[in-house]
Amino acid sequence: MQPRVDDFSIPAGTHYLNCAYMSPLPRAVEEAGVAGVRSKRDPSRIEARHFFEDSDRARELFARRIAVDAAGVAIVPGVSYGMEVIARNLPAPAGAHSYVVLAEQFPANVHPWRALAARTGASVRTVERPREGEDWTERVLAAIDESTALVALPQVHWTDGALIDLDRVGRRAAHVGAAFAIDGTQSIGAHPFDARAMRADAVVCAGYKWLLGPYSLGFLWVGERFRGGEPLEQTWIGRAGSEDFRALVDYRPDLRDDASRFDVAERSNFALMPMAIAALEYLEALGVDAVRAHCAELTARIADEAGALGARPPSGPRADHIVGLRLPAGADGARVFERLRERRVHVSRRGDALRVSPHVYNGHEDVDALLVGLRSALAA
């Protein structure tokens, strides 16, 4: 399937280069949501099986995105929820121990570990941003030692697209016995991702960015280390035998034997779940290689031509779908951002980077608009 701009409803003249903030919905996803809302016009048509079938279909589709088993996938409302499931079930080893994160990592993958460290007496070890020409992966590997109980990282840094080699990190974490939790929100759907090859123990991903889905529905995959853990909520649907509505009054204490025990309450959202399925099916038809190739063509040009204007991309490895531009010394980032918005060029400011993140709905005309706007703003 070839990427098509008309699969989306972006207004003419709008140059939306901001998928890392929030994706627009493909038309098929929008239509699935409308149909889902309308389904509740007549609740007599909603049967017990509908609480389970769509959720299981979404698990299967997400599992294929990251090369894992669907039995390990839970439905969660966001990354912080998924990471808190892991924090709740992470044993605190005896003696001094630490949790490793990146500098300027997204807060949903930092706050749970700071809170857990406060409860357990652990320390949070922050790997600082590398200097020009250095590889962030090497710094991460150096920070992991025998005291490390958890490594919690993204594959792609959300501020500028810097790429971490999680295969190497996963091997190092396994070597020292540390748990490895990954926030895949800024990579899954646009960059190859194999959780097994990474030796991940948990992967969390919000659905409203590169998965092209609705807000407040995401996914958590857990490996064997956490699969028998305790959920954050005592839901009815997370109990064994919950398909039998007649028997719910028996109040079974035993949880389901797969990761659905961790599902958020009311996970069977009859509007959002069909949207998530439609989005995952759309991405599966596109293929991650097509998405990556399309984005790579655009970001390579952005990095090259914006760099010539003094707006530098990261010096080390970076993903093909996000490029963070650091403006020349003395440039007013807020003013540049506003000048671009005036031209209907939509990007983000994250940290000290102007983050540009195209998808399949973008073309070279959007890059043209960005570069013209940058040139004008930096010359003013």
# chains A, B, ... in the order shown; residues from 1 in each chain; ligands from 1

$ select_by_dssp --residues "segment 315-346 of chain A" --states "strand (DSSP E or B)" --output "JSON, numbers by chain"
{"A": [318, 323, 324, 325, 326, 345, 346]}

$ write_last_selection --atoms "N, CA and C atoms" --output "compact mmCIF listing (two decimals), in the first residue's frame"
# COMPACT_ATOMS: atom_id res chain seq x y z
N ARG A 318 20.15 9.14 14.66
CA ARG A 318 18.79 9.62 14.89
C ARG A 318 17.82 8.79 14.05
N VAL A 323 13.29 14.92 13.52
CA VAL A 323 14.57 15.63 13.52
C VAL A 323 14.41 16.89 14.36
N GLY A 324 15.24 17.00 15.39
CA GLY A 324 15.24 18.18 16.25
C GLY A 324 16.30 19.16 15.77
N LEU A 325 15.89 20.37 15.49
CA LEU A 325 16.80 21.39 14.97
C LEU A 325 17.16 22.36 16.09
N ARG A 326 18.44 22.48 16.36
CA ARG A 326 18.91 23.45 17.35
C ARG A 326 19.31 24.73 16.63
N VAL A 345 2.71 26.48 9.39
CA VAL A 345 3.69 25.40 9.49
C VAL A 345 3.72 24.96 10.95
N HIS A 346 3.35 23.73 11.21
CA HIS A 346 3.17 23.25 12.58
C HIS A 346 4.27 22.26 12.95

$ residues_around --residues "Gly207 of chain A" --least-positions-apart "4" --cutoff "12 Å" --atoms "only C-alpha atoms" --output "number ranges by chain"
A: 19-25, 58, 62, 75-79, 183-189, 211-220, 272-273, 275-280, 283

$ write_last_selection --atoms "C-alpha atoms" --output "PDB file, in the first residue's frame"
ATOM      1  CA  CYS A  19       3.156  13.805  14.346  1.00  0.00           C
ATOM      2  CA  ALA A  20       5.379  13.435  17.417  1.00  0.00           C
ATOM      3  CA  TYR A  21       2.897  15.765  19.140  1.00  0.00           C
ATOM      4  CA  MET A  22      -0.312  14.150  17.930  1.00  0.00           C
ATOM      5  CA  SER A  23      -1.181  12.485  14.656  1.00  0.00           C
ATOM      6  CA  PRO A  24      -4.163  13.429  12.548  1.00  0.00           C
ATOM      7  CA  LEU A  25      -6.620  10.598  12.136  1.00  0.00           C
ATOM      8  CA  ALA A  58      -6.299  -4.816  19.054  1.00  0.00           C
ATOM      9  CA  PHE A  62      -0.220  -4.335  18.370  1.00  0.00           C
ATOM     10  CA  ILE A  75      -4.894  -2.151  27.177  1.00  0.00           C
ATOM     11  CA  VAL A  76      -3.855   0.991  29.078  1.00  0.00           C
ATOM     12  CA  PRO A  77      -4.837   4.683  28.914  1.00  0.00           C
ATOM     13  CA  GLY A  78      -1.298   6.016  28.651  1.00  0.00           C
ATOM     14  CA  VAL A  79       2.399   5.471  29.244  1.00  0.00           C
ATOM     15  CA  ASP A 183       8.586   3.658  26.120  1.00  0.00           C
ATOM     16  CA  GLY A 184       7.982   3.025  22.429  1.00  0.00           C
ATOM     17  CA  THR A 185       5.595   5.939  21.883  1.00  0.00           C
ATOM     18  CA  GLN A 186       7.921   7.903  19.602  1.00  0.00           C
ATOM     19  CA  SER A 187       9.031   4.955  17.497  1.00  0.00           C
ATOM     20  CA  ILE A 188       6.493   2.111  17.237  1.00  0.00           C
ATOM     21  CA  GLY A 189       4.671   2.436  13.937  1.00  0.00           C
ATOM     22  CA  LEU A 211       0.077   4.515  15.802  1.00  0.00           C
ATOM     23  CA  LEU A 212      -2.361   7.074  14.266  1.00  0.00           C
ATOM     24  CA  GLY A 213      -5.044   6.223  16.813  1.00  0.00           C
ATOM     25  CA  PRO A 214      -7.247   7.960  19.387  1.00  0.00           C
ATOM     26  CA  TYR A 215      -6.123   9.787  22.506  1.00  0.00           C
ATOM     27  CA  SER A 216      -6.259   7.914  25.861  1.00  0.00           C
ATOM     28  CA  LEU A 217      -5.852   4.389  24.500  1.00  0.00           C
ATOM     29  CA  GLY A 218      -2.493   2.672  24.401  1.00  0.00           C
ATOM     30  CA  PHE A 219      -0.781  -0.641  24.972  1.00  0.00           C
ATOM     31  CA  LEU A 220       1.461  -2.363  27.497  1.00  0.00           C
ATOM     32  CA  LEU A 272     -12.041   4.295  20.886  1.00  0.00           C
ATOM     33  CA  MET A 273     -11.358   0.591  20.456  1.00  0.00           C
ATOM     34  CA  MET A 275     -10.543   3.489  16.103  1.00  0.00           C
ATOM     35  CA  ALA A 276      -7.429   1.836  17.498  1.00  0.00           C
ATOM     36  CA  ILE A 277      -8.099  -1.282  15.433  1.00  0.00           C
ATOM     37  CA  ALA A 278      -8.663   0.717  12.240  1.00  0.00           C
ATOM     38  CA  ALA A 279      -5.443   2.658  12.848  1.00  0.00           C
ATOM     39  CA  LEU A 280      -3.390  -0.480  13.439  1.00  0.00           C
ATOM     40  CA  LEU A 283      -0.448   0.921   9.513  1.00  0.00           C
TER      41      LEU A 283
END

$ atom_distance --atom1 "atom CA of Ala174 of chain A" --atom2 "atom CA of Ala70 of chain A"
22.8 Å

$ select_by_dssp --residues "segment 76-182 of chain A" --states "alpha helix (DSSP H)" --output "ChimeraX atom specification"
/A:79-89,111-120,136-143,166-176

$ write_last_selection --atoms "N, CA and C atoms" --output "compact mmCIF listing (two decimals), in the first residue's frame"
# COMPACT_ATOMS: atom_id res chain seq x y z
N VAL A 79 1.09 6.02 28.86
CA VAL A 79 2.40 5.47 29.24
C VAL A 79 2.58 5.46 30.75
N SER A 80 2.17 6.52 31.43
CA SER A 80 2.37 6.57 32.88
C SER A 80 1.65 5.42 33.57
N TYR A 81 0.46 5.05 33.09
CA TYR A 81 -0.28 3.93 33.66
C TYR A 81 0.52 2.64 33.48
N GLY A 82 0.99 2.41 32.26
CA GLY A 82 1.75 1.19 31.99
C GLY A 82 3.02 1.11 32.81
N MET A 83 3.74 2.21 32.90
CA MET A 83 4.98 2.20 33.68
C MET A 83 4.69 2.01 35.17
N GLU A 84 3.56 2.52 35.63
CA GLU A 84 3.22 2.32 37.04
C GLU A 84 2.89 0.85 37.33
N VAL A 85 2.32 0.14 36.35
CA VAL A 85 2.13 -1.31 36.51
C VAL A 85 3.48 -1.98 36.77
N ILE A 86 4.49 -1.58 35.99
CA ILE A 86 5.83 -2.17 36.17
C ILE A 86 6.41 -1.76 37.51
N ALA A 87 6.27 -0.49 37.87
CA ALA A 87 6.79 -0.02 39.16
C ALA A 87 6.14 -0.78 40.32
N ARG A 88 4.85 -1.04 40.21
CA ARG A 88 4.14 -1.76 41.28
C ARG A 88 4.69 -3.18 41.45
N ASN A 89 5.19 -3.76 40.37
CA ASN A 89 5.60 -5.16 40.40
C ASN A 89 7.10 -5.38 40.33
N HIS A 111 8.71 10.11 36.19
CA HIS A 111 8.03 10.26 37.47
C HIS A 111 7.77 8.93 38.19
N PRO A 112 7.36 7.85 37.48
CA PRO A 112 7.15 6.59 38.21
C PRO A 112 8.41 6.08 38.90
N TRP A 113 9.56 6.30 38.28
CA TRP A 113 10.81 5.78 38.86
C TRP A 113 11.31 6.68 39.99
N ARG A 114 11.07 7.96 39.89
CA ARG A 114 11.42 8.84 41.01
C ARG A 114 10.56 8.54 42.23
N ALA A 115 9.27 8.30 41.98
CA ALA A 115 8.38 7.95 43.09
C ALA A 115 8.77 6.60 43.69
N LEU A 116 9.10 5.63 42.84
CA LEU A 116 9.50 4.32 43.34
C LEU A 116 10.82 4.42 44.11
N ALA A 117 11.75 5.22 43.61
CA ALA A 117 13.02 5.39 44.31
C ALA A 117 12.81 5.99 45.69
N ALA A 118 11.87 6.92 45.79
CA ALA A 118 11.58 7.53 47.09
C ALA A 118 11.01 6.50 48.07
N ARG A 119 10.27 5.51 47.54
CA ARG A 119 9.69 4.48 48.40
C ARG A 119 10.69 3.42 48.78
N THR A 120 11.64 3.12 47.90
CA THR A 120 12.53 1.98 48.11
C THR A 120 13.94 2.37 48.54
N TRP A 136 24.89 8.41 22.25
CA TRP A 136 24.19 8.31 23.53
C TRP A 136 24.16 6.87 24.03
N THR A 137 24.11 5.90 23.13
CA THR A 137 24.06 4.50 23.54
C THR A 137 25.28 4.14 24.39
N GLU A 138 26.46 4.61 24.01
CA GLU A 138 27.66 4.30 24.77
C GLU A 138 27.55 4.83 26.20
N ARG A 139 26.98 6.00 26.35
CA ARG A 139 26.82 6.57 27.70
C ARG A 139 25.83 5.74 28.53
N VAL A 140 24.78 5.26 27.88
CA VAL A 140 23.81 4.42 28.59
C VAL A 140 24.48 3.14 29.07
N LEU A 141 25.22 2.50 28.19
CA LEU A 141 25.88 1.24 28.55
C LEU A 141 26.83 1.45 29.73
N ALA A 142 27.51 2.57 29.74
CA ALA A 142 28.46 2.85 30.83
C ALA A 142 27.74 3.08 32.16
N ALA A 143 26.47 3.51 32.10
CA ALA A 143 25.72 3.80 33.33
C ALA A 143 25.11 2.56 33.97
N LEU A 166 18.73 -0.13 21.34
CA LEU A 166 18.15 -0.88 22.44
C LEU A 166 18.52 -2.36 22.41
N ASP A 167 18.95 -2.88 21.29
CA ASP A 167 19.46 -4.25 21.28
C ASP A 167 20.68 -4.36 22.19
N ARG A 168 21.60 -3.43 22.07
CA ARG A 168 22.81 -3.43 22.90
C ARG A 168 22.46 -3.15 24.36
N VAL A 169 21.56 -2.22 24.58
CA VAL A 169 21.17 -1.89 25.95
C VAL A 169 20.49 -3.09 26.61
N GLY A 170 19.62 -3.77 25.86
CA GLY A 170 18.93 -4.93 26.41
C GLY A 170 19.88 -6.04 26.80
N ARG A 171 20.90 -6.26 25.99
CA ARG A 171 21.89 -7.29 26.34
C ARG A 171 22.63 -6.92 27.62
N ARG A 172 22.97 -5.65 27.75
CA ARG A 172 23.68 -5.20 28.95
C ARG A 172 22.79 -5.31 30.19
N ALA A 173 21.52 -4.90 30.05
CA ALA A 173 20.60 -5.00 31.19
C ALA A 173 20.42 -6.45 31.62
N ALA A 174 20.25 -7.34 30.64
CA ALA A 174 20.09 -8.76 30.98
C ALA A 174 21.33 -9.31 31.66
N HIS A 175 22.50 -8.85 31.23
CA HIS A 175 23.76 -9.34 31.80
C HIS A 175 23.85 -9.03 33.30
N VAL A 176 23.35 -7.86 33.71
CA VAL A 176 23.43 -7.49 35.14
C VAL A 176 22.15 -7.85 35.89

$ residues_around --residues "segment 354-366 of chain A" --least-positions-apart "3" --cutoff "8 Å" --atoms "only C-alpha atoms" --output "ChimeraX atom specification"
/A:3-8,15-20,159-160,291,294-295,298-299,321-327,333,337,345,347-350,369-370

$ closest_residue --among "A:Gly223, A:Pro91, A:Gly36, A:Gly316" --to "Asp165 of chain A" --atoms "only C-alpha atoms"
A:Gly316

$ closest_residue --among "A:Val34, A:Gly307, A:Ser9, A:Val101" --to "Ala271 of chain A" --atoms "only C-alpha atoms"
A:Val34

$ residues_around --residues "Arg125 of chain A" --least-positions-apart "6" --cutoff "7 Å" --atoms "only C-alpha atoms" --output "PDB file with N, CA and C atoms, in the first residue's frame"
ATOM      1  N   SER A  98      19.820   1.179  41.660  1.00  0.00           N
ATOM      2  CA  SER A  98      19.510   2.382  40.893  1.00  0.00           C
ATOM      3  C   SER A  98      18.614   2.057  39.709  1.00  0.00           C
ATOM      4  N   TYR A  99      17.961   3.102  39.211  1.00  0.00           N
ATOM      5  CA  TYR A  99      17.149   3.035  38.005  1.00  0.00           C
ATOM      6  C   TYR A  99      17.763   4.000  36.984  1.00  0.00           C
ATOM      7  N   VAL A 100      17.980   3.524  35.771  1.00  0.00           N
ATOM      8  CA  VAL A 100      18.667   4.317  34.743  1.00  0.00           C
ATOM      9  C   VAL A 100      17.660   4.912  33.763  1.00  0.00           C
ATOM     10  N   VAL A 101      17.736   6.232  33.568  1.00  0.00           N
ATOM     11  CA  VAL A 101      16.893   6.932  32.596  1.00  0.00           C
ATOM     12  C   VAL A 101      17.773   7.904  31.802  1.00  0.00           C
TER      13      VAL A 101
END

$ atom_distance --atom1 "atom CA of Asp54 of chain A" --atom2 "atom CA of Val29 of chain A"
14.4 Å

$ residues_around --residues "Glu60 of chain A" --least-positions-apart "4" --cutoff "9 Å" --atoms "only C-alpha atoms" --output "count of residues only"
8

$ atom_distance --atom1 "atom CA of Glu243 of chain A" --atom2 "atom CA of Trp221 of chain A"
22.0 Å

$ closest_residue --among "A:Trp210, A:Pro317, A:Ala293, A:Ile237" --to "Glu132 of chain A" --atoms "only C-alpha atoms"
A:Pro317

$ closest_residue --among "A:Ala259, A:Ile10, A:Val336, A:Leu378" --to "Gly310 of chain A" --atoms "only C-alpha atoms"
A:Leu378

$ closest_residue --among "A:Arg227, A:Arg261, A:Arg301, A:Lys40" --to "Ser242 of chain A" --atoms "only C-alpha atoms"
A:Arg261
